[in-house]
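Undergrad: Please read through the structure below; I'll follow up with questions.
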Amino acid sequence: MHLTRLLLVGALAATTVTAVPALAAPSKAGCTGAPDRALSTAKVLGLDGSYTLPAKTPTALVLFAHGYRSWSGAWQKAMVEASAKHNAVAVAVDYRGLASADEFHGGWPVKAGSEDLARAAATFTAMCPSIKTTAVYSAGMGGNAAGLAIAHQPSRFTYWVDVQGATDLYGLWTSLSAIGGPCLPTGQCLPGLDTYYATTRSEIETAAGGEPYENKAGFDALDPTTQMRAAASLGLKGAVVVHAVADSSELYTSGAVMAALLRAKSVPTDTYTVGSGNSGQDRTLAGEAGAGPSDPMAGAEPDGENGAIVIKTGLTALWGMVDKGGVKPAGQPYIVNG
């Protein structure tokens with residue numbers, strides 16, 4: 001896999017992960033512990049999820065914002081890596097309002113999710129004053145939650161990695177409408193080109209309080225692009241936007257718009273444009289489904305263990321953000337090919 005800054009400049013390292021740990025009771029060690037031991041966030045945050053601790057005093061906090069039809073447990077391998085190799089406390093929570101596993105972790109609870117991410121950032125930085133860097137890594141729908149959190153509480157976050165982010169809610173709704181069948185007020189979705197996408201669109205409408213032309217204020221309140229434009233300033237020291245050109249639902253243009261907006265807000269932002277692989281396959285979340293063909297919008301989770309280039313590219317950028325002396329965003333465009 002080769003990484004170029006419009007021209008070839010190097011190779012993108014593969015991500016090494018550790019076996020998923022079993023959840024354990026919260027440790028009394030405070031801010032340090034066994035990196036391969038996942039602890040429950042229930043007593044610390046009052047939220048379902050888990051966190052891991054580094055063996056040495058942490059210098060960074062990494063928050064993983066999961067995607068659509070996914071959950072906190074999808075990111076435990078990356079969390080272990082963050083603590084074991086990058087001296088970070090790593091946290092992932094299930095957004096309040098997320099449906100159960102029996103209901104495919106459905107719903108679009110991004111408002112609650114944004115508040116949950118901000119709560120986690122505030123709690124762990126207060127608990128561990130040695131933390132100087134707070135980075136949030138988001139995938140798909142997690143980009144919606146993370147974008148809102150950054151817009152509403154910008155001082156909480158130092159860096160952001162936005163992978164295939166659902167950061168343009170209007171554009172996403174439009175693309176879903178183009179390929180999905182109509183949904184009735186009862187929630188039943190009628191046959192169309194793809195009823196999965198119709199269901200996704202219906203869940204966004206439920207969260208926003210209606211369709212865009214029915215409740216523009218509701219969509220504006222959940223749209224990261226709108227909320228970030230309204231923010232006086234952003235506290236981010238840098239951001240990375242990773243998006244595949246072939247993505248047919250969370251359109252590539254949404255990543256381009258977010259990158260431009262971040263730069264306009266004086267945030268150094270690198271962009272990673274992911275092309276098709278040598279065999280021509282789609283390199284999007286949908287194109288490398290790991291959660292099964294019924295969940296294309298969360299297909300690259302968990303952890304990109306199925307080789308999803310978008311996830312691995314984002315993780316590599318993340319480690320550069322949190323490591324002392326690591327590569328920080330500098331407003332550069334990159335191209336990633338399989």
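Ligands are numbered from 1 in the order shown, residues from 1 within each chain, and chains are lettered A, B, ... in the order they appear in the structure tokens.
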Can you tell me which residues surround A:Val245 at a distance of at most 8 Å, considering only C-alpha atoms, apart from same-chain residues fewer than 4 positions away, and format the answer as a list in words?

TA: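 Contacts, with the query itself left out: Leu251, Tyr252, Thr273, Val274, Gly275 and Ser276 of chain A.
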
Undergrad: For the residues selected in the previous step, produce a file with all heavy atoms as a compact mmCIF listing (two decimals), in the first residue's frame.

TA:
# COMPACT_ATOMS: atom_id res chain seq x y z
N LEU A 251 -20.80 10.73 0.83
CA LEU A 251 -20.13 11.16 -0.39
C LEU A 251 -18.77 11.79 -0.11
O LEU A 251 -18.57 12.46 0.90
CB LEU A 251 -21.02 12.14 -1.15
CG LEU A 251 -22.38 11.60 -1.58
CD1 LEU A 251 -23.18 12.69 -2.29
CD2 LEU A 251 -22.22 10.38 -2.49
N TYR A 252 -17.86 11.61 -1.08
CA TYR A 252 -16.52 12.17 -0.98
C TYR A 252 -16.56 13.69 -0.80
O TYR A 252 -15.74 14.28 -0.12
CB TYR A 252 -15.72 11.82 -2.23
CG TYR A 252 -14.35 12.45 -2.28
CD1 TYR A 252 -13.30 11.95 -1.52
CD2 TYR A 252 -14.11 13.57 -3.07
CE1 TYR A 252 -12.04 12.54 -1.55
CE2 TYR A 252 -12.87 14.17 -3.11
CZ TYR A 252 -11.83 13.65 -2.35
OH TYR A 252 -10.60 14.25 -2.37
N THR A 273 -7.09 11.09 0.32
CA THR A 273 -8.05 10.63 -0.67
C THR A 273 -7.73 9.18 -1.01
O THR A 273 -6.64 8.87 -1.49
CB THR A 273 -7.97 11.49 -1.94
OG1 THR A 273 -8.34 12.83 -1.61
CG2 THR A 273 -8.91 10.95 -3.01
N VAL A 274 -8.67 8.29 -0.75
CA VAL A 274 -8.48 6.86 -0.95
C VAL A 274 -9.11 6.44 -2.27
O VAL A 274 -10.31 6.64 -2.49
CB VAL A 274 -9.07 6.04 0.21
CG1 VAL A 274 -8.85 4.54 -0.01
CG2 VAL A 274 -8.47 6.48 1.54
N GLY A 275 -8.30 5.87 -3.15
CA GLY A 275 -8.80 5.43 -4.44
C GLY A 275 -9.18 3.97 -4.42
O GLY A 275 -9.14 3.30 -3.38
N SER A 276 -9.55 3.44 -5.56
CA SER A 276 -9.88 2.02 -5.68
C SER A 276 -8.61 1.19 -5.65
O SER A 276 -7.53 1.66 -5.98
CB SER A 276 -10.63 1.76 -6.99
OG SER A 276 -11.86 2.44 -6.99

Undergrad: Hey, can you check how far atom CA of A:Thr57 sits from atom CA of A:Gly143?

TA: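 Atom-to-atom, atom CA of A:Thr57 to atom CA of A:Gly143, that is 28.9 Å.
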
Undergrad: Identify all residues of stretch 17-130 of chain A in strand (DSSP E) (DSSP on the backbone) and supply them as a list in words.

TA: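 These are the residues in question: Leu23, Ala24, Ala38, Leu39, Ser40, Gly49, Ser50, Tyr51, Thr52, Ala60, Leu61, Val62, Leu63, Phe64, Ala65, Ala88, Val89, Ala90, Val91, Ala92 and Val93 of chain A.
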
Undergrad: Please, could you write that set of residues out with N, CA, C and O atoms as a PDB file, in the first residue's frame?

TA:
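Saved result, out-v4.pdb, follows:
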ATOM      1  N   LEU A  23     -13.759  -7.649  29.310  1.00  0.00           N
ATOM      2  CA  LEU A  23     -14.018  -6.531  30.204  1.00  0.00           C
ATOM      3  C   LEU A  23     -13.754  -6.929  31.643  1.00  0.00           C
ATOM      4  O   LEU A  23     -14.101  -8.014  32.085  1.00  0.00           O
ATOM      5  N   ALA A  24     -13.161  -6.008  32.391  1.00  0.00           N
ATOM      6  CA  ALA A  24     -12.866  -6.253  33.794  1.00  0.00           C
ATOM      7  C   ALA A  24     -13.465  -5.141  34.632  1.00  0.00           C
ATOM      8  O   ALA A  24     -13.921  -4.125  34.113  1.00  0.00           O
ATOM      9  N   ALA A  38      -9.316  -4.334  29.503  1.00  0.00           N
ATOM     10  CA  ALA A  38     -10.372  -3.360  29.250  1.00  0.00           C
ATOM     11  C   ALA A  38     -11.247  -3.199  30.476  1.00  0.00           C
ATOM     12  O   ALA A  38     -11.701  -4.178  31.062  1.00  0.00           O
ATOM     13  N   LEU A  39     -11.470  -1.967  30.874  1.00  0.00           N
ATOM     14  CA  LEU A  39     -12.254  -1.632  32.050  1.00  0.00           C
ATOM     15  C   LEU A  39     -13.597  -1.045  31.633  1.00  0.00           C
ATOM     16  O   LEU A  39     -13.713  -0.400  30.591  1.00  0.00           O
ATOM     17  N   SER A  40     -14.609  -1.232  32.453  1.00  0.00           N
ATOM     18  CA  SER A  40     -15.934  -0.713  32.147  1.00  0.00           C
ATOM     19  C   SER A  40     -16.019   0.782  32.446  1.00  0.00           C
ATOM     20  O   SER A  40     -15.526   1.255  33.477  1.00  0.00           O
ATOM     21  N   GLY A  49     -19.631   1.050  27.892  1.00  0.00           N
ATOM     22  CA  GLY A  49     -18.437   1.160  27.075  1.00  0.00           C
ATOM     23  C   GLY A  49     -17.240   0.632  27.827  1.00  0.00           C
ATOM     24  O   GLY A  49     -17.374  -0.044  28.858  1.00  0.00           O
ATOM     25  N   SER A  50     -16.054   0.931  27.341  1.00  0.00           N
ATOM     26  CA  SER A  50     -14.843   0.443  27.985  1.00  0.00           C
ATOM     27  C   SER A  50     -13.705   1.433  27.795  1.00  0.00           C
ATOM     28  O   SER A  50     -13.765   2.321  26.941  1.00  0.00           O
ATOM     29  N   TYR A  51     -12.661   1.263  28.620  1.00  0.00           N
ATOM     30  CA  TYR A  51     -11.453   2.074  28.462  1.00  0.00           C
ATOM     31  C   TYR A  51     -10.249   1.232  28.832  1.00  0.00           C
ATOM     32  O   TYR A  51     -10.351   0.229  29.542  1.00  0.00           O
ATOM     33  N   THR A  52      -9.099   1.641  28.314  1.00  0.00           N
ATOM     34  CA  THR A  52      -7.840   0.978  28.617  1.00  0.00           C
ATOM     35  C   THR A  52      -6.846   2.010  29.123  1.00  0.00           C
ATOM     36  O   THR A  52      -6.943   3.200  28.811  1.00  0.00           O
ATOM     37  N   ALA A  60      -1.691  11.244  26.753  1.00  0.00           N
ATOM     38  CA  ALA A  60      -2.749  11.501  25.773  1.00  0.00           C
ATOM     39  C   ALA A  60      -4.019  10.737  26.129  1.00  0.00           C
ATOM     40  O   ALA A  60      -3.985   9.721  26.846  1.00  0.00           O
ATOM     41  N   LEU A  61      -5.120  11.243  25.618  1.00  0.00           N
ATOM     42  CA  LEU A  61      -6.422  10.582  25.694  1.00  0.00           C
ATOM     43  C   LEU A  61      -6.925  10.405  24.276  1.00  0.00           C
ATOM     44  O   LEU A  61      -6.911  11.349  23.479  1.00  0.00           O
ATOM     45  N   VAL A  62      -7.351   9.177  23.940  1.00  0.00           N
ATOM     46  CA  VAL A  62      -7.902   8.895  22.613  1.00  0.00           C
ATOM     47  C   VAL A  62      -9.338   8.417  22.780  1.00  0.00           C
ATOM     48  O   VAL A  62      -9.602   7.451  23.504  1.00  0.00           O
ATOM     49  N   LEU A  63     -10.258   9.085  22.122  1.00  0.00           N
ATOM     50  CA  LEU A  63     -11.669   8.703  22.130  1.00  0.00           C
ATOM     51  C   LEU A  63     -12.019   8.111  20.775  1.00  0.00           C
ATOM     52  O   LEU A  63     -11.730   8.716  19.734  1.00  0.00           O
ATOM     53  N   PHE A  64     -12.640   6.938  20.777  1.00  0.00           N
ATOM     54  CA  PHE A  64     -13.080   6.298  19.543  1.00  0.00           C
ATOM     55  C   PHE A  64     -14.598   6.466  19.419  1.00  0.00           C
ATOM     56  O   PHE A  64     -15.353   6.006  20.283  1.00  0.00           O
ATOM     57  N   ALA A  65     -15.027   7.152  18.352  1.00  0.00           N
ATOM     58  CA  ALA A  65     -16.442   7.401  18.103  1.00  0.00           C
ATOM     59  C   ALA A  65     -16.932   6.431  17.035  1.00  0.00           C
ATOM     60  O   ALA A  65     -16.596   6.573  15.851  1.00  0.00           O
ATOM     61  N   ALA A  88      -1.434   6.207  25.878  1.00  0.00           N
ATOM     62  CA  ALA A  88      -2.690   6.943  25.937  1.00  0.00           C
ATOM     63  C   ALA A  88      -3.747   6.179  26.722  1.00  0.00           C
ATOM     64  O   ALA A  88      -3.798   4.944  26.698  1.00  0.00           O
ATOM     65  N   VAL A  89      -4.597   6.909  27.414  1.00  0.00           N
ATOM     66  CA  VAL A  89      -5.852   6.351  27.900  1.00  0.00           C
ATOM     67  C   VAL A  89      -6.780   6.312  26.691  1.00  0.00           C
ATOM     68  O   VAL A  89      -6.897   7.304  25.958  1.00  0.00           O
ATOM     69  N   ALA A  90      -7.412   5.188  26.439  1.00  0.00           N
ATOM     70  CA  ALA A  90      -8.309   5.052  25.291  1.00  0.00           C
ATOM     71  C   ALA A  90      -9.718   4.731  25.769  1.00  0.00           C
ATOM     72  O   ALA A  90      -9.898   3.906  26.676  1.00  0.00           O
ATOM     73  N   VAL A  91     -10.708   5.390  25.189  1.00  0.00           N
ATOM     74  CA  VAL A  91     -12.091   5.265  25.642  1.00  0.00           C
ATOM     75  C   VAL A  91     -13.020   5.105  24.443  1.00  0.00           C
ATOM     76  O   VAL A  91     -12.854   5.789  23.422  1.00  0.00           O
ATOM     77  N   ALA A  92     -13.993   4.205  24.582  1.00  0.00           N
ATOM     78  CA  ALA A  92     -15.071   4.085  23.591  1.00  0.00           C
ATOM     79  C   ALA A  92     -16.362   3.819  24.345  1.00  0.00           C
ATOM     80  O   ALA A  92     -16.398   2.969  25.234  1.00  0.00           O
ATOM     81  N   VAL A  93     -17.404   4.563  24.017  1.00  0.00           N
ATOM     82  CA  VAL A  93     -18.692   4.387  24.693  1.00  0.00           C
ATOM     83  C   VAL A  93     -19.785   4.126  23.677  1.00  0.00           C
ATOM     84  O   VAL A  93     -19.664   4.470  22.495  1.00  0.00           O
TER      85      VAL A  93
END

Undergrad: For A:Cys128, which of A:Pro54, A:Gly30, A:Gly171, A:Gly218 is the closest residue, counting only C-alpha atoms?

TA: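 Looking only at the distances to A:Cys128, the closest residue turns out to be A:Gly30.
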
Undergrad: Within stretch 76-155 of chain A, find each residue whose DSSP state, derived from the backbone, is helix (DSSP H, G or I), and express the selection as a VMD selection string.

TA: chain A and resid 76 to 86 101 to 103 110 to 127 141 to 152 154 to 155

Undergrad: Keeping only C-alpha atoms, write those residues as a PDB file, in the first residue's frame.

TA:
ATOM      1  CA  GLN A  76     -11.072  -2.608  21.666  1.00  0.00           C
ATOM      2  CA  LYS A  77      -8.109  -3.738  19.558  1.00  0.00           C
ATOM      3  CA  ALA A  78      -7.240  -0.165  18.608  1.00  0.00           C
ATOM      4  CA  MET A  79      -7.765   0.895  22.238  1.00  0.00           C
ATOM      5  CA  VAL A  80      -5.240  -1.685  23.439  1.00  0.00           C
ATOM      6  CA  GLU A  81      -2.782  -0.442  20.831  1.00  0.00           C
ATOM      7  CA  ALA A  82      -3.306   3.163  21.940  1.00  0.00           C
ATOM      8  CA  SER A  83      -2.483   2.292  25.548  1.00  0.00           C
ATOM      9  CA  ALA A  84       0.250  -0.292  24.929  1.00  0.00           C
ATOM     10  CA  LYS A  85       2.200   1.548  22.233  1.00  0.00           C
ATOM     11  CA  HIS A  86       1.217   5.199  22.430  1.00  0.00           C
ATOM     12  CA  ALA A 101     -27.396  -5.771  19.630  1.00  0.00           C
ATOM     13  CA  ASP A 102     -30.648  -7.613  18.857  1.00  0.00           C
ATOM     14  CA  GLU A 103     -31.689  -4.495  16.922  1.00  0.00           C
ATOM     15  CA  VAL A 110     -25.586  11.615  17.432  1.00  0.00           C
ATOM     16  CA  LYS A 111     -26.781  14.426  19.708  1.00  0.00           C
ATOM     17  CA  ALA A 112     -26.446  12.215  22.781  1.00  0.00           C
ATOM     18  CA  GLY A 113     -23.246  10.780  21.314  1.00  0.00           C
ATOM     19  CA  SER A 114     -21.676  14.231  21.035  1.00  0.00           C
ATOM     20  CA  GLU A 115     -22.493  14.912  24.674  1.00  0.00           C
ATOM     21  CA  ASP A 116     -21.106  11.518  25.676  1.00  0.00           C
ATOM     22  CA  LEU A 117     -17.806  12.181  23.893  1.00  0.00           C
ATOM     23  CA  ALA A 118     -17.483  15.573  25.572  1.00  0.00           C
ATOM     24  CA  ARG A 119     -18.267  14.015  28.954  1.00  0.00           C
ATOM     25  CA  ALA A 120     -15.605  11.369  28.457  1.00  0.00           C
ATOM     26  CA  ALA A 121     -13.039  14.009  27.471  1.00  0.00           C
ATOM     27  CA  ALA A 122     -13.821  16.178  30.498  1.00  0.00           C
ATOM     28  CA  THR A 123     -13.863  13.268  32.950  1.00  0.00           C
ATOM     29  CA  PHE A 124     -10.628  11.573  31.954  1.00  0.00           C
ATOM     30  CA  THR A 125      -8.600  14.766  31.551  1.00  0.00           C
ATOM     31  CA  ALA A 126      -9.710  15.831  35.035  1.00  0.00           C
ATOM     32  CA  MET A 127      -8.940  12.386  36.439  1.00  0.00           C
ATOM     33  CA  MET A 141     -21.844   8.183  11.927  1.00  0.00           C
ATOM     34  CA  GLY A 142     -19.228   8.780  14.618  1.00  0.00           C
ATOM     35  CA  GLY A 143     -18.068  11.732  12.516  1.00  0.00           C
ATOM     36  CA  ASN A 144     -21.503  13.275  13.007  1.00  0.00           C
ATOM     37  CA  ALA A 145     -21.257  12.865  16.795  1.00  0.00           C
ATOM     38  CA  ALA A 146     -17.622  13.989  16.954  1.00  0.00           C
ATOM     39  CA  GLY A 147     -18.235  17.012  14.734  1.00  0.00           C
ATOM     40  CA  LEU A 148     -21.043  18.210  16.979  1.00  0.00           C
ATOM     41  CA  ALA A 149     -18.935  17.677  20.100  1.00  0.00           C
ATOM     42  CA  ILE A 150     -16.060  19.698  18.631  1.00  0.00           C
ATOM     43  CA  ALA A 151     -18.408  22.474  17.482  1.00  0.00           C
ATOM     44  CA  HIS A 152     -20.127  22.768  20.859  1.00  0.00           C
ATOM     45  CA  PRO A 154     -14.074  23.012  21.085  1.00  0.00           C
ATOM     46  CA  SER A 155     -11.709  23.439  24.033  1.00  0.00           C
TER      47      SER A 155
END

Undergrad: Which is closer to A:Asp48 than all the others in A:Ser100, A:Asn87, A:Asn337, A:Ser254, using only C-alpha atoms?

TA: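 Of A:Ser100, A:Asn87, A:Asn337, A:Ser254, the one nearest A:Asp48 is A:Ser100, counting only C-alpha atoms.
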